[in-house]
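Report on one structure; see the data block that follows.
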Amino acid sequence: LVLGVFGFVGAENSHCLSCGDAIDDIKYTFFKCGRWARKLADLEVTVDQVVTPETIIPIMLRNKGNWKEVERYVTLILGTKEEKERLRR
């Protein structure tokens, strides 16, 4: 399983491994997937702003703390998805 520009590449099925939705791309995974909604809400509280594809880069560039929080969020999701893919094979 590799994170590509348009989603997770290498998975035999294109459905979301976290929630089963038919969509499994980066935008869906980080901003829409119900499995991660609580973590996204926590991130938004921490950075004091709604996190969207349009706001995530300015949020990260605002300060080192925000960068670390976004990094933590992304790392958690990618690690979980990669582990699920390994177990599925």
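By order in the structure tokens, chains are A, B, ...; within a chain, residues start at 1; ligands start at 1, following the order shown.
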Q.
What parts of chain A does DSSP call strand (DSSP E or B)? I'd like the answer as a PyMOL selection string.
A. chain A and resi 2-4+7-9
Q | Thr80 (chain A) environment, 12 Å, only C-alpha atoms, sequence neighbours closer than 2 positions dropped, as a ChimeraX atom specification | A | /A:1,16-18,29,35-36,73-78,82-87
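Between CA of Asp42 (chain A) and CA of His15 (chain A) the separation is 25.1 Å.
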Q) Which is closest to Trp67 (chain A) among A:Cys33, A:Arg89, A:Lys27, A:Thr46, if we use only C-alpha atoms? A)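 Ranking A:Cys33, A:Arg89, A:Lys27, A:Thr46 by distance to Trp67 (chain A), first place goes to A:Thr46.
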Q: Give me every helix (DSSP H, G or I) residue in chain A, going by DSSP on the backbone, as a count of residues only.
A: 52
Q: Please measure the separation of CA of Ala22 (chain A) and CA of Glu54 (chain A), giving the value in Å to one decimal.
A: 23.3 Å
Q: Grab the CA of Tyr28 (chain A) to CA of Lys81 (chain A) distance for me, in Å with one decimal place.
A: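 Interatomic distance here is 13.1 Å.
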**Q.** Selection near Leu40 (chain A), 9 Å with only C-alpha atoms, sequence-local residues under 6 positions removed, as a list of chain:residue names
**A.** A:Phe30, A:Phe31, A:Val51, A:Tyr73
Using all heavy atoms, can you export the residues from the last selection as a compact mmCIF listing (two decimals), in the first residue's frame?
# COMPACT_ATOMS: atom_id res chain seq x y z
N PHE A 30 -8.69 11.97 4.61
CA PHE A 30 -8.30 12.97 5.60
C PHE A 30 -9.40 13.93 6.01
O PHE A 30 -9.37 14.46 7.12
CB PHE A 30 -7.10 13.77 5.10
CG PHE A 30 -5.84 12.96 4.99
CD1 PHE A 30 -5.05 13.04 3.87
CD2 PHE A 30 -5.45 12.10 6.01
CE1 PHE A 30 -3.89 12.30 3.76
CE2 PHE A 30 -4.30 11.35 5.92
CZ PHE A 30 -3.51 11.44 4.78
N PHE A 31 -10.38 14.16 5.14
CA PHE A 31 -11.36 15.20 5.42
C PHE A 31 -12.82 14.75 5.50
O PHE A 31 -13.65 15.51 5.95
CB PHE A 31 -11.23 16.31 4.36
CG PHE A 31 -9.85 16.87 4.27
CD1 PHE A 31 -9.02 16.53 3.22
CD2 PHE A 31 -9.38 17.73 5.23
CE1 PHE A 31 -7.73 17.03 3.13
CE2 PHE A 31 -8.09 18.26 5.16
CZ PHE A 31 -7.27 17.90 4.10
N VAL A 51 -10.36 22.54 9.40
CA VAL A 51 -9.32 21.96 8.55
C VAL A 51 -9.96 21.41 7.28
O VAL A 51 -10.81 20.52 7.34
CB VAL A 51 -8.54 20.85 9.30
CG1 VAL A 51 -7.49 20.24 8.40
CG2 VAL A 51 -7.92 21.40 10.57
N TYR A 73 -1.75 13.73 13.02
CA TYR A 73 -3.03 13.29 12.45
C TYR A 73 -2.81 12.43 11.20
O TYR A 73 -3.34 11.33 11.08
CB TYR A 73 -3.87 14.53 12.12
CG TYR A 73 -5.17 14.28 11.40
CD1 TYR A 73 -6.25 13.69 12.05
CD2 TYR A 73 -5.33 14.66 10.06
CE1 TYR A 73 -7.45 13.47 11.38
CE2 TYR A 73 -6.52 14.45 9.40
CZ TYR A 73 -7.58 13.86 10.07
OH TYR A 73 -8.76 13.64 9.41
Q.
Let me make sure I understand: among A:Lys32, A:Arg72, A:Lys39, A:Lys64, which one has the smallest atom-to-atom distance to Thr52 (chain A) if we use only C-alpha atoms?
A. A:Lys32
